[in-house]
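What follows is the content of run-v4.pdb (PDB, C-alpha atoms).
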```pdb
ATOM      1  CA  MET G  20      -8.497  17.015 -18.166  1.00  0.00           C
ATOM      2  CA  ILE G  21     -10.091  13.699 -17.340  1.00  0.00           C
ATOM      3  CA  THR G  22      -8.076  10.560 -17.925  1.00  0.00           C
ATOM      4  CA  ARG G  23      -8.391   6.902 -17.009  1.00  0.00           C
ATOM      5  CA  ASP G  24     -11.458   7.227 -14.819  1.00  0.00           C
ATOM      6  CA  PHE G  25     -12.785   4.160 -13.060  1.00  0.00           C
ATOM      7  CA  ASN G  26     -16.374   3.243 -12.373  1.00  0.00           C
ATOM      8  CA  VAL G  27     -17.726   0.066 -10.838  1.00  0.00           C
ATOM      9  CA  THR G  28     -20.979  -1.102  -9.315  1.00  0.00           C
ATOM     10  CA  VAL G  29     -20.690  -3.795  -6.690  1.00  0.00           C
ATOM     11  CA  ALA G  30     -23.049  -5.619  -4.394  1.00  0.00           C
ATOM     12  CA  ALA G  31     -22.821  -4.084  -0.925  1.00  0.00           C
ATOM     13  CA  ARG G  32     -21.082  -7.002   0.755  1.00  0.00           C
ATOM     14  CA  VAL G  33     -17.920  -7.092   2.802  1.00  0.00           C
ATOM     15  CA  SER G  34     -16.616  -9.717   0.388  1.00  0.00           C
ATOM     16  CA  GLU G  35     -16.484  -6.976  -2.271  1.00  0.00           C
ATOM     17  CA  LEU G  36     -14.050  -4.886  -0.237  1.00  0.00           C
ATOM     18  CA  ARG G  37     -11.029  -6.683  -1.655  1.00  0.00           C
ATOM     19  CA  ASN G  38     -12.257  -5.991  -5.189  1.00  0.00           C
ATOM     20  CA  LEU G  39     -12.686  -2.300  -4.395  1.00  0.00           C
ATOM     21  CA  SER G  40      -9.238  -2.249  -2.869  1.00  0.00           C
ATOM     22  CA  ALA G  41      -7.759  -3.799  -6.018  1.00  0.00           C
ATOM     23  CA  MET G  42      -9.543  -1.129  -8.085  1.00  0.00           C
ATOM     24  CA  VAL G  43      -8.042   1.647  -5.963  1.00  0.00           C
ATOM     25  CA  GLU G  44      -4.582   0.108  -6.334  1.00  0.00           C
ATOM     26  CA  THR G  45      -4.956  -0.060 -10.120  1.00  0.00           C
ATOM     27  CA  PHE G  46      -6.240   3.521 -10.245  1.00  0.00           C
ATOM     28  CA  GLY G  47      -3.365   4.646  -8.014  1.00  0.00           C
ATOM     29  CA  GLU G  48      -0.777   2.974 -10.217  1.00  0.00           C
ATOM     30  CA  ALA G  49      -2.320   4.436 -13.387  1.00  0.00           C
ATOM     31  CA  HIS G  50      -2.082   7.937 -11.909  1.00  0.00           C
ATOM     32  CA  ASP G  51       1.072   7.424  -9.867  1.00  0.00           C
ATOM     33  CA  LEU G  52      -0.728   8.434  -6.676  1.00  0.00           C
ATOM     34  CA  PRO G  53       1.225   8.644  -3.402  1.00  0.00           C
ATOM     35  CA  PRO G  54       0.826   5.662  -1.000  1.00  0.00           C
ATOM     36  CA  ARG G  55      -0.974   7.849   1.557  1.00  0.00           C
ATOM     37  CA  THR G  56      -3.622   8.853  -0.990  1.00  0.00           C
ATOM     38  CA  ASN G  57      -4.167   5.218  -1.969  1.00  0.00           C
ATOM     39  CA  PHE G  58      -4.483   4.297   1.693  1.00  0.00           C
ATOM     40  CA  ILE G  59      -7.030   6.957   2.620  1.00  0.00           C
ATOM     41  CA  ILE G  60      -9.196   6.253  -0.446  1.00  0.00           C
ATOM     42  CA  ASN G  61      -9.118   2.544   0.411  1.00  0.00           C
ATOM     43  CA  LEU G  62     -10.058   3.379   3.971  1.00  0.00           C
ATOM     44  CA  ALA G  63     -12.905   5.674   2.889  1.00  0.00           C
ATOM     45  CA  LEU G  64     -14.415   2.979   0.646  1.00  0.00           C
ATOM     46  CA  GLU G  65     -14.087   0.329   3.340  1.00  0.00           C
ATOM     47  CA  GLU G  66     -15.742   2.548   5.932  1.00  0.00           C
ATOM     48  CA  LEU G  67     -18.545   3.710   3.617  1.00  0.00           C
ATOM     49  CA  VAL G  68     -19.370   0.203   2.357  1.00  0.00           C
ATOM     50  CA  THR G  69     -19.371  -1.155   5.911  1.00  0.00           C
ATOM     51  CA  ASN G  70     -21.511   1.755   7.073  1.00  0.00           C
ATOM     52  CA  THR G  71     -24.020   1.131   4.285  1.00  0.00           C
ATOM     53  CA  LEU G  72     -24.242  -2.532   5.254  1.00  0.00           C
ATOM     54  CA  VAL G  73     -24.718  -1.822   8.930  1.00  0.00           C
ATOM     55  CA  HIS G  74     -26.980   1.232   8.747  1.00  0.00           C
ATOM     56  CA  GLY G  75     -28.545   1.069   5.262  1.00  0.00           C
ATOM     57  CA  LYS G  76     -32.291   0.669   5.239  1.00  0.00           C
ATOM     58  CA  PHE G  77     -32.872  -1.546   2.240  1.00  0.00           C
ATOM     59  CA  GLU G  78     -36.426  -2.089   1.107  1.00  0.00           C
ATOM     60  CA  HIS G  79     -37.607  -5.671   0.851  1.00  0.00           C
ATOM     61  CA  GLY G  80     -36.539  -7.186  -2.457  1.00  0.00           C
ATOM     62  CA  VAL G  81     -33.930  -4.501  -3.171  1.00  0.00           C
ATOM     63  CA  ASP G  82     -30.377  -5.798  -3.571  1.00  0.00           C
ATOM     64  CA  PRO G  83     -27.939  -3.575  -1.682  1.00  0.00           C
ATOM     65  CA  GLN G  84     -25.660  -1.986  -4.276  1.00  0.00           C
ATOM     66  CA  ILE G  85     -22.850   0.511  -4.211  1.00  0.00           C
ATOM     67  CA  ASP G  86     -21.542   2.406  -7.214  1.00  0.00           C
ATOM     68  CA  VAL G  87     -18.022   3.792  -6.917  1.00  0.00           C
ATOM     69  CA  SER G  88     -16.291   6.106  -9.344  1.00  0.00           C
ATOM     70  CA  LEU G  89     -12.774   7.487  -9.177  1.00  0.00           C
ATOM     71  CA  SER G  90     -11.470  10.352 -11.277  1.00  0.00           C
ATOM     72  CA  ILE G  91      -8.988  13.194 -11.213  1.00  0.00           C
ATOM     73  CA  HIS G  92      -9.993  16.813 -11.857  1.00  0.00           C
ATOM     74  CA  ASP G  93      -7.860  19.899 -11.312  1.00  0.00           C
ATOM     75  CA  GLY G  94      -5.294  18.210  -9.106  1.00  0.00           C
ATOM     76  CA  ARG G  95      -7.856  16.444  -6.945  1.00  0.00           C
ATOM     77  CA  VAL G  96      -8.929  12.840  -6.735  1.00  0.00           C
ATOM     78  CA  ILE G  97     -12.724  12.760  -6.806  1.00  0.00           C
ATOM     79  CA  VAL G  98     -14.421   9.741  -5.271  1.00  0.00           C
ATOM     80  CA  VAL G  99     -18.186   9.404  -5.763  1.00  0.00           C
ATOM     81  CA  VAL G 100     -20.019   6.709  -3.841  1.00  0.00           C
ATOM     82  CA  LYS G 101     -23.705   6.037  -4.547  1.00  0.00           C
ATOM     83  CA  SER G 102     -25.819   3.591  -2.588  1.00  0.00           C
ATOM     84  CA  ASN G 103     -29.458   2.521  -2.600  1.00  0.00           C
ATOM     85  CA  GLY G 104     -29.792   1.928   1.146  1.00  0.00           C
ATOM     86  CA  GLY G 105     -32.387   4.570   2.050  1.00  0.00           C
ATOM     87  CA  LYS G 106     -31.706   8.205   2.797  1.00  0.00           C
ATOM     88  CA  PHE G 107     -28.748   8.692   5.127  1.00  0.00           C
ATOM     89  CA  ASP G 108     -26.709  11.887   5.377  1.00  0.00           C
ATOM     90  CA  PRO G 109     -23.375  11.091   7.074  1.00  0.00           C
ATOM     91  CA  THR G 110     -22.331  14.758   7.053  1.00  0.00           C
ATOM     92  CA  LYS G 111     -24.851  15.236   9.863  1.00  0.00           C
ATOM     93  CA  ASN G 112     -23.305  12.507  12.020  1.00  0.00           C
ATOM     94  CA  THR G 113     -21.794  13.762  15.240  1.00  0.00           C
ATOM     95  CA  ASN G 114     -18.121  13.088  15.778  1.00  0.00           C
ATOM     96  CA  PRO G 115     -17.201  10.332  18.223  1.00  0.00           C
ATOM     97  CA  ASP G 116     -15.448  10.796  21.542  1.00  0.00           C
ATOM     98  CA  THR G 117     -11.712  10.732  20.769  1.00  0.00           C
ATOM     99  CA  THR G 118     -10.407  12.051  24.072  1.00  0.00           C
ATOM    100  CA  SER G 119     -11.795  10.071  27.013  1.00  0.00           C
ATOM    101  CA  GLU G 120      -9.743   7.567  28.994  1.00  0.00           C
ATOM    102  CA  LEU G 121      -9.475   3.915  27.970  1.00  0.00           C
ATOM    103  CA  ASP G 122     -12.062   2.603  30.434  1.00  0.00           C
ATOM    104  CA  SER G 123     -14.753   5.019  29.275  1.00  0.00           C
ATOM    105  CA  ARG G 124     -13.875   5.186  25.559  1.00  0.00           C
ATOM    106  CA  PRO G 125     -16.878   4.012  23.487  1.00  0.00           C
ATOM    107  CA  ILE G 126     -16.246   1.199  21.026  1.00  0.00           C
ATOM    108  CA  GLY G 127     -17.414   2.160  17.556  1.00  0.00           C
ATOM    109  CA  GLY G 128     -18.540   5.284  15.683  1.00  0.00           C
ATOM    110  CA  LEU G 129     -15.058   5.925  14.389  1.00  0.00           C
ATOM    111  CA  GLY G 130     -15.197   5.054  10.682  1.00  0.00           C
ATOM    112  CA  LEU G 131     -17.033   8.116   9.376  1.00  0.00           C
ATOM    113  CA  HIS G 132     -14.915  10.364  11.567  1.00  0.00           C
ATOM    114  CA  LEU G 133     -11.770   9.062   9.872  1.00  0.00           C
ATOM    115  CA  VAL G 134     -13.289   9.525   6.402  1.00  0.00           C
ATOM    116  CA  LYS G 135     -14.367  13.100   7.131  1.00  0.00           C
ATOM    117  CA  SER G 136     -11.081  14.004   8.787  1.00  0.00           C
ATOM    118  CA  GLN G 137      -8.964  12.846   5.876  1.00  0.00           C
ATOM    119  CA  ALA G 138     -11.021  14.211   2.970  1.00  0.00           C
ATOM    120  CA  ASP G 139     -10.361  17.753   1.765  1.00  0.00           C
ATOM    121  CA  ALA G 140     -14.054  17.994   0.876  1.00  0.00           C
ATOM    122  CA  PHE G 141     -16.980  15.769   1.823  1.00  0.00           C
ATOM    123  CA  SER G 142     -20.518  16.383   0.579  1.00  0.00           C
ATOM    124  CA  TYR G 143     -23.830  14.566   0.422  1.00  0.00           C
ATOM    125  CA  GLU G 144     -26.814  14.664  -1.912  1.00  0.00           C
ATOM    126  CA  PHE G 145     -29.869  12.463  -2.319  1.00  0.00           C
ATOM    127  CA  VAL G 146     -30.252  12.087  -6.079  1.00  0.00           C
ATOM    128  CA  ASP G 147     -32.726   9.898  -7.983  1.00  0.00           C
ATOM    129  CA  GLY G 148     -33.398   7.829  -4.879  1.00  0.00           C
ATOM    130  CA  LEU G 149     -29.710   7.219  -4.206  1.00  0.00           C
ATOM    131  CA  ASN G 150     -27.384   8.449  -1.496  1.00  0.00           C
ATOM    132  CA  GLN G 151     -24.507  10.188  -3.221  1.00  0.00           C
ATOM    133  CA  LEU G 152     -21.333  11.038  -1.348  1.00  0.00           C
ATOM    134  CA  THR G 153     -18.576  13.013  -3.014  1.00  0.00           C
ATOM    135  CA  LEU G 154     -15.124  13.020  -1.475  1.00  0.00           C
ATOM    136  CA  GLU G 155     -12.199  15.083  -2.711  1.00  0.00           C
ATOM    137  CA  TYR G 156      -8.493  14.630  -2.005  1.00  0.00           C
ATOM    138  CA  LYS G 157      -5.931  17.224  -3.015  1.00  0.00           C
ATOM    139  CA  LEU G 158      -2.861  15.969  -4.808  1.00  0.00           C
ATOM    140  CA  SER G 159       0.016  18.076  -3.568  1.00  0.00           C
TER     141      SER G 159
ATOM    142  CA  MET J   9     -18.537 -15.753   6.838  1.00  0.00           C
ATOM    143  CA  ALA J  10     -15.366 -13.908   7.799  1.00  0.00           C
ATOM    144  CA  SER J  11     -12.414 -13.709   5.417  1.00  0.00           C
ATOM    145  CA  LYS J  12      -9.137 -15.264   6.477  1.00  0.00           C
ATOM    146  CA  LEU J  13      -6.460 -13.449   8.402  1.00  0.00           C
ATOM    147  CA  GLU J  14      -2.995 -14.760   9.098  1.00  0.00           C
ATOM    148  CA  VAL J  15      -1.744 -13.762  12.554  1.00  0.00           C
ATOM    149  CA  LEU J  16       1.798 -14.868  13.410  1.00  0.00           C
ATOM    150  CA  GLU J  17       2.384 -15.578  17.092  1.00  0.00           C
ATOM    151  CA  GLU J  18       5.815 -15.325  18.697  1.00  0.00           C
ATOM    152  CA  ARG J  19       6.711 -15.761  22.342  1.00  0.00           C
ATOM    153  CA  GLU J  20       9.757 -14.519  24.211  1.00  0.00           C
ATOM    154  CA  SER J  21       9.664 -15.313  27.944  1.00  0.00           C
ATOM    155  CA  ASP J  22       6.470 -13.723  29.285  1.00  0.00           C
ATOM    156  CA  ILE J  23       5.819 -11.507  26.265  1.00  0.00           C
ATOM    157  CA  LEU J  24       3.542 -12.577  23.405  1.00  0.00           C
ATOM    158  CA  THR J  25       3.885 -10.809  20.069  1.00  0.00           C
ATOM    159  CA  LEU J  26       1.066 -11.005  17.515  1.00  0.00           C
ATOM    160  CA  VAL J  27       1.859 -10.081  13.910  1.00  0.00           C
ATOM    161  CA  PRO J  28      -1.229  -9.709  11.687  1.00  0.00           C
ATOM    162  CA  VAL J  29      -0.363 -10.036   8.008  1.00  0.00           C
ATOM    163  CA  GLY J  30      -1.891  -8.053   5.116  1.00  0.00           C
ATOM    164  CA  ARG J  31      -5.201  -6.304   5.779  1.00  0.00           C
ATOM    165  CA  VAL J  32      -7.548  -6.112   8.731  1.00  0.00           C
ATOM    166  CA  ASP J  33     -10.928  -4.839   7.554  1.00  0.00           C
ATOM    167  CA  SER J  34     -14.560  -5.515   8.366  1.00  0.00           C
ATOM    168  CA  SER J  35     -14.402  -8.845   6.507  1.00  0.00           C
ATOM    169  CA  ASN J  36     -11.783 -10.389   8.813  1.00  0.00           C
ATOM    170  CA  ALA J  37     -11.748  -8.232  11.961  1.00  0.00           C
ATOM    171  CA  PRO J  38     -13.835 -10.924  13.770  1.00  0.00           C
ATOM    172  CA  VAL J  39     -10.932 -13.365  13.211  1.00  0.00           C
ATOM    173  CA  PHE J  40      -8.470 -10.904  14.732  1.00  0.00           C
ATOM    174  CA  GLU J  41     -10.842 -10.278  17.645  1.00  0.00           C
ATOM    175  CA  ARG J  42     -11.118 -14.004  18.393  1.00  0.00           C
ATOM    176  CA  VAL J  43      -7.321 -14.484  18.349  1.00  0.00           C
ATOM    177  CA  LEU J  44      -6.715 -11.540  20.681  1.00  0.00           C
ATOM    178  CA  LYS J  45      -9.612 -12.385  22.967  1.00  0.00           C
ATOM    179  CA  ASP J  46      -8.525 -16.034  23.295  1.00  0.00           C
ATOM    180  CA  TRP J  47      -5.059 -15.006  24.470  1.00  0.00           C
ATOM    181  CA  ILE J  48      -6.451 -12.488  26.953  1.00  0.00           C
ATOM    182  CA  ASP J  49      -8.997 -15.023  28.239  1.00  0.00           C
ATOM    183  CA  ASP J  50      -6.050 -17.399  28.768  1.00  0.00           C
ATOM    184  CA  GLY J  51      -4.525 -14.765  31.063  1.00  0.00           C
ATOM    185  CA  GLU J  52      -1.854 -13.390  28.730  1.00  0.00           C
ATOM    186  CA  THR J  53      -0.836 -10.090  30.314  1.00  0.00           C
ATOM    187  CA  ASN J  54       1.965  -8.755  28.094  1.00  0.00           C
ATOM    188  CA  ILE J  55       0.916  -8.533  24.464  1.00  0.00           C
ATOM    189  CA  ILE J  56       2.670  -6.688  21.657  1.00  0.00           C
ATOM    190  CA  VAL J  57       0.886  -6.240  18.327  1.00  0.00           C
ATOM    191  CA  ASP J  58       3.499  -5.719  15.631  1.00  0.00           C
ATOM    192  CA  PHE J  59       2.057  -3.871  12.594  1.00  0.00           C
ATOM    193  CA  SER J  60       5.135  -4.267  10.397  1.00  0.00           C
ATOM    194  CA  LYS J  61       3.440  -6.811   8.087  1.00  0.00           C
ATOM    195  CA  LEU J  62       0.141  -4.928   7.985  1.00  0.00           C
ATOM    196  CA  SER J  63      -0.574  -2.764   4.943  1.00  0.00           C
ATOM    197  CA  PHE J  64      -4.109  -1.729   5.890  1.00  0.00           C
ATOM    198  CA  ILE J  65      -6.415  -1.485   8.871  1.00  0.00           C
ATOM    199  CA  SER J  66      -9.886   0.047   9.094  1.00  0.00           C
ATOM    200  CA  SER J  67     -11.953   1.166  12.068  1.00  0.00           C
ATOM    201  CA  SER J  68     -13.224  -2.429  12.368  1.00  0.00           C
ATOM    202  CA  GLY J  69      -9.674  -3.560  13.140  1.00  0.00           C
ATOM    203  CA  MET J  70      -8.978  -0.591  15.411  1.00  0.00           C
ATOM    204  CA  ARG J  71     -12.087  -1.479  17.384  1.00  0.00           C
ATOM    205  CA  VAL J  72     -10.561  -4.923  18.058  1.00  0.00           C
ATOM    206  CA  LEU J  73      -7.465  -3.266  19.523  1.00  0.00           C
ATOM    207  CA  LEU J  74      -9.614  -1.053  21.745  1.00  0.00           C
ATOM    208  CA  ILE J  75     -11.453  -4.140  23.011  1.00  0.00           C
ATOM    209  CA  GLY J  76      -8.066  -5.836  23.545  1.00  0.00           C
ATOM    210  CA  ALA J  77      -6.670  -2.862  25.446  1.00  0.00           C
ATOM    211  CA  LYS J  78      -9.689  -2.845  27.731  1.00  0.00           C
ATOM    212  CA  GLY J  79      -9.330  -6.620  28.193  1.00  0.00           C
ATOM    213  CA  VAL J  80      -5.664  -6.533  29.260  1.00  0.00           C
ATOM    214  CA  ARG J  81      -6.299  -3.489  31.459  1.00  0.00           C
ATOM    215  CA  ALA J  82      -8.863  -5.571  33.341  1.00  0.00           C
ATOM    216  CA  ILE J  83      -6.146  -8.129  34.217  1.00  0.00           C
ATOM    217  CA  GLN J  84      -3.493  -5.465  34.954  1.00  0.00           C
ATOM    218  CA  GLY J  85      -1.665  -6.258  31.729  1.00  0.00           C
ATOM    219  CA  ASN J  86      -0.087  -4.334  28.862  1.00  0.00           C
ATOM    220  CA  LEU J  87      -1.049  -4.084  25.203  1.00  0.00           C
ATOM    221  CA  ILE J  88       1.600  -2.288  23.152  1.00  0.00           C
ATOM    222  CA  LEU J  89       1.412  -1.490  19.430  1.00  0.00           C
ATOM    223  CA  CYS J  90       4.495  -1.071  17.240  1.00  0.00           C
ATOM    224  CA  GLY J  91       5.861  -1.071  13.710  1.00  0.00           C
ATOM    225  CA  MET J  92       3.135   1.078  12.138  1.00  0.00           C
ATOM    226  CA  ARG J  93       3.588   2.581   8.687  1.00  0.00           C
ATOM    227  CA  ASP J  94       2.853   6.317   8.472  1.00  0.00           C
ATOM    228  CA  SER J  95      -0.662   5.979   7.010  1.00  0.00           C
ATOM    229  CA  ILE J  96      -1.749   3.693   9.841  1.00  0.00           C
ATOM    230  CA  ARG J  97      -0.017   5.821  12.483  1.00  0.00           C
ATOM    231  CA  GLU J  98      -1.989   8.801  11.157  1.00  0.00           C
ATOM    232  CA  ILE J  99      -5.408   7.208  11.760  1.00  0.00           C
ATOM    233  CA  PHE J 100      -4.406   6.154  15.266  1.00  0.00           C
ATOM    234  CA  SER J 101      -3.580   9.788  15.891  1.00  0.00           C
ATOM    235  CA  ILE J 102      -6.828  11.159  14.359  1.00  0.00           C
ATOM    236  CA  SER J 103      -8.871   8.723  16.437  1.00  0.00           C
ATOM    237  CA  GLY J 104      -7.002   9.586  19.622  1.00  0.00           C
ATOM    238  CA  PHE J 105      -6.288   5.869  20.108  1.00  0.00           C
ATOM    239  CA  ASP J 106      -2.598   6.656  20.521  1.00  0.00           C
ATOM    240  CA  THR J 107      -3.416   8.513  23.739  1.00  0.00           C
ATOM    241  CA  ILE J 108      -4.980   5.427  25.353  1.00  0.00           C
ATOM    242  CA  ILE J 109      -3.001   2.553  23.791  1.00  0.00           C
ATOM    243  CA  PRO J 110       0.803   2.884  23.745  1.00  0.00           C
ATOM    244  CA  VAL J 111       2.194   3.104  20.192  1.00  0.00           C
ATOM    245  CA  VAL J 112       5.957   2.794  19.819  1.00  0.00           C
ATOM    246  CA  LYS J 113       8.398   2.547  16.925  1.00  0.00           C
ATOM    247  CA  ASP J 114       9.450  -1.094  16.958  1.00  0.00           C
ATOM    248  CA  ARG J 115       9.518  -4.296  18.964  1.00  0.00           C
ATOM    249  CA  ILE J 116      12.622  -3.329  20.924  1.00  0.00           C
ATOM    250  CA  ALA J 117      10.864  -0.184  22.128  1.00  0.00           C
ATOM    251  CA  ALA J 118       7.716  -2.225  22.837  1.00  0.00           C
ATOM    252  CA  VAL J 119       9.624  -4.654  25.075  1.00  0.00           C
ATOM    253  CA  ASP J 120      11.208  -1.685  26.875  1.00  0.00           C
ATOM    254  CA  THR J 121       7.730  -0.211  27.473  1.00  0.00           C
ATOM    255  CA  ILE J 122       6.590  -3.423  29.160  1.00  0.00           C
TER     256      ILE J 122
END
```

Can the structure from this file be put into structure tokens for me?
Amino acid sequence: MITRDFNVTVAARVSELRNLSAMVETFGEAHDLPPRTNFIINLALEELVTNTLVHGKFEHGVDPQIDVSLSIHDGRVIVVVKSNGGKFDPTKNTNPDTTSELDSRPIGGLGLHLVKSQADAFSYEFVDGLNQLTLEYKLS
Amino acid sequence: MASKLEVLEERESDILTLVPVGRVDSSNAPVFERVLKDWIDDGETNIIVDFSKLSFISSSGMRVLLIGAKGVRAIQGNLILCGMRDSIREIFSISGFDTIIPVVKDRIAAVDTI
């Protein structure tokens, strides 16, 4: 059963993060999602949008855009994020150092690690010239 | 241009407590970084960051705390985090940040840690 799905296309700008967050809140309320699920979806979108802005390779004249859809299938929240920032497969990213001492701990590289750690499934495809990430979160 | 961030500042003897309000994400993390850095540059050695009014933080905000922790370490100071809701506590655990920056339950425990 698919009910009350959300889909939005936004310009890839940090100023859009608040709008995405509001969308997740509305989706969460419509489906009575637990606060933790709302939080980790919000975090995933924030990290993925930021990552696209920092690492996306946008061709000259192409407006950076991100398309986000949220739905629920078979007891899972499905989040699909498409972006036009040049081919980038984050599933191949190596995990950051999370164990070294304070003085030697690198600053950065953490966002994708959090997204991957918290998703129950995380996959990547390059479809029709767009990066497409699919994240799944079990509703228990 | 960075979005706004309200950071309440409270002092009790030689301990400064910073209370960021709302969200810290990539749009306003630079504001948080400037506030924290200014205090450390002024020689503030005992800083508590109270998360009790914070509903959301991303890796951009966590990065600021890592920079802050390194900054106070350099002047033999303490940076203590407290008052985290469960969702935020979880990402500090996943990142391993809680093994290098002290995270305690509340401000009373934070003062005791200093």

* To do: Determine, counting only C-alpha atoms, which protein, DNA and RNA residues have an atom within 10 Å of an atom of Asp114 (chain J); residues of the same chain fewer than 6 positions away are not included. Present the result as an MDAnalysis selection string.
  => chainID J and resid 56 58:60 89:92

* Asked: the PyMOL selection byres ((chain G and resi 156-159) around 10) on the file shown: which residues, as a PyMOL selection string?
  -> chain G and resi 52-53+56+59-60+91-98+137-141+154-155

With C-alpha atoms retained, could you export that selection as an mmCIF file, in the coordinates of the input?
```cif
data_model
loop_
_atom_site.group_PDB
_atom_site.id
_atom_site.type_symbol
_atom_site.label_atom_id
_atom_site.label_comp_id
_atom_site.auth_asym_id
_atom_site.auth_seq_id
_atom_site.Cartn_x
_atom_site.Cartn_y
_atom_site.Cartn_z
ATOM 1 C CA LEU G 52 -0.728 8.434 -6.676
ATOM 2 C CA PRO G 53 1.225 8.644 -3.402
ATOM 3 C CA THR G 56 -3.622 8.853 -0.990
ATOM 4 C CA ILE G 59 -7.030 6.957 2.620
ATOM 5 C CA ILE G 60 -9.196 6.253 -0.446
ATOM 6 C CA ILE G 91 -8.988 13.194 -11.213
ATOM 7 C CA HIS G 92 -9.993 16.813 -11.857
ATOM 8 C CA ASP G 93 -7.860 19.899 -11.312
ATOM 9 C CA GLY G 94 -5.294 18.210 -9.106
ATOM 10 C CA ARG G 95 -7.856 16.444 -6.945
ATOM 11 C CA VAL G 96 -8.929 12.840 -6.735
ATOM 12 C CA ILE G 97 -12.724 12.760 -6.806
ATOM 13 C CA VAL G 98 -14.421 9.741 -5.271
ATOM 14 C CA GLN G 137 -8.964 12.846 5.876
ATOM 15 C CA ALA G 138 -11.021 14.211 2.970
ATOM 16 C CA ASP G 139 -10.361 17.753 1.765
ATOM 17 C CA ALA G 140 -14.054 17.994 0.876
ATOM 18 C CA PHE G 141 -16.980 15.769 1.823
ATOM 19 C CA LEU G 154 -15.124 13.020 -1.475
ATOM 20 C CA GLU G 155 -12.199 15.083 -2.711
#
```

To verify the selection step, state as a compact mmCIF listing (two decimals) with C-alpha atoms, in the coordinates of the input which residues the PyMOL selection byres ((chain J and resi 96) around 10) yields on this input.
```txt
# COMPACT_ATOMS: atom_id res chain seq x y z
CA ARG G 55 -0.97 7.85 1.56
CA PHE G 58 -4.48 4.30 1.69
CA ILE G 59 -7.03 6.96 2.62
CA PHE J 59 2.06 -3.87 12.59
CA LEU J 62 0.14 -4.93 7.98
CA SER J 63 -0.57 -2.76 4.94
CA PHE J 64 -4.11 -1.73 5.89
CA ILE J 65 -6.42 -1.48 8.87
CA SER J 66 -9.89 0.05 9.09
CA GLY J 91 5.86 -1.07 13.71
CA MET J 92 3.14 1.08 12.14
CA ARG J 93 3.59 2.58 8.69
CA ASP J 94 2.85 6.32 8.47
CA SER J 95 -0.66 5.98 7.01
CA ARG J 97 -0.02 5.82 12.48
CA GLU J 98 -1.99 8.80 11.16
CA ILE J 99 -5.41 7.21 11.76
CA PHE J 100 -4.41 6.15 15.27
CA SER J 101 -3.58 9.79 15.89
```

* Atomic separation - CA of Gly69 (chain J) relative to CA of Ala37 (chain J), Å ->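 Computing it gives 5.2 Å between the two atoms.
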
* Using only C-alpha atoms, which residues sit within 9 Å of Leu26 (chain J) once same-chain residues fewer than 4 positions away are excluded, as a ChimeraX atom specification? -> /J:15-19,44,55-59

* To do: Return as an NGL selection string the set of residues that the PyMOL selection byres ((chain G and resi 109) around 9) yields on the displayed structure.
  => :G and (107-108 or 110-113 or 131 or 142-143 or 152)

* Would you list the contacts of Ser35 (chain J) as a PyMOL selection string, taking every protein, DNA or RNA residue within 8 Å and counting all atoms listed in the file, but skipping same-chain residues closer than 5 positions in sequence? => (chain G and resi 33-34+36) or (chain J and resi 10-11)

* **Within 12 Å of region 23-32 of chain G using only C-alpha atoms, minus same-chain residues under 4 positions, as an NGL selection string** => (:G and (36-51 or 64-75 or 77 or 81-92 or 96-104)) or (:J and (9-11 or 34-35))

Just to be explicit: take each residue in the selection above, keep C-alpha atoms, and write the result as a tab-separated table (two decimals), in the frame of the given file.
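out.tsv, written as the output of this step:
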```tsv
chain	number	residue	atom	x	y	z
G	36	LEU	CA	-14.05	-4.89	-0.24
G	37	ARG	CA	-11.03	-6.68	-1.66
G	38	ASN	CA	-12.26	-5.99	-5.19
G	39	LEU	CA	-12.69	-2.30	-4.39
G	40	SER	CA	-9.24	-2.25	-2.87
G	41	ALA	CA	-7.76	-3.80	-6.02
G	42	MET	CA	-9.54	-1.13	-8.09
G	43	VAL	CA	-8.04	1.65	-5.96
G	44	GLU	CA	-4.58	0.11	-6.33
G	45	THR	CA	-4.96	-0.06	-10.12
G	46	PHE	CA	-6.24	3.52	-10.24
G	47	GLY	CA	-3.36	4.65	-8.01
G	48	GLU	CA	-0.78	2.97	-10.22
G	49	ALA	CA	-2.32	4.44	-13.39
G	50	HIS	CA	-2.08	7.94	-11.91
G	51	ASP	CA	1.07	7.42	-9.87
G	64	LEU	CA	-14.42	2.98	0.65
G	65	GLU	CA	-14.09	0.33	3.34
G	66	GLU	CA	-15.74	2.55	5.93
G	67	LEU	CA	-18.55	3.71	3.62
G	68	VAL	CA	-19.37	0.20	2.36
G	69	THR	CA	-19.37	-1.16	5.91
G	70	ASN	CA	-21.51	1.76	7.07
G	71	THR	CA	-24.02	1.13	4.28
G	72	LEU	CA	-24.24	-2.53	5.25
G	73	VAL	CA	-24.72	-1.82	8.93
G	74	HIS	CA	-26.98	1.23	8.75
G	75	GLY	CA	-28.54	1.07	5.26
G	77	PHE	CA	-32.87	-1.55	2.24
G	81	VAL	CA	-33.93	-4.50	-3.17
G	82	ASP	CA	-30.38	-5.80	-3.57
G	83	PRO	CA	-27.94	-3.58	-1.68
G	84	GLN	CA	-25.66	-1.99	-4.28
G	85	ILE	CA	-22.85	0.51	-4.21
G	86	ASP	CA	-21.54	2.41	-7.21
G	87	VAL	CA	-18.02	3.79	-6.92
G	88	SER	CA	-16.29	6.11	-9.34
G	89	LEU	CA	-12.77	7.49	-9.18
G	90	SER	CA	-11.47	10.35	-11.28
G	91	ILE	CA	-8.99	13.19	-11.21
G	92	HIS	CA	-9.99	16.81	-11.86
G	96	VAL	CA	-8.93	12.84	-6.74
G	97	ILE	CA	-12.72	12.76	-6.81
G	98	VAL	CA	-14.42	9.74	-5.27
G	99	VAL	CA	-18.19	9.40	-5.76
G	100	VAL	CA	-20.02	6.71	-3.84
G	101	LYS	CA	-23.70	6.04	-4.55
G	102	SER	CA	-25.82	3.59	-2.59
G	103	ASN	CA	-29.46	2.52	-2.60
G	104	GLY	CA	-29.79	1.93	1.15
J	9	MET	CA	-18.54	-15.75	6.84
J	10	ALA	CA	-15.37	-13.91	7.80
J	11	SER	CA	-12.41	-13.71	5.42
J	34	SER	CA	-14.56	-5.52	8.37
J	35	SER	CA	-14.40	-8.85	6.51
```
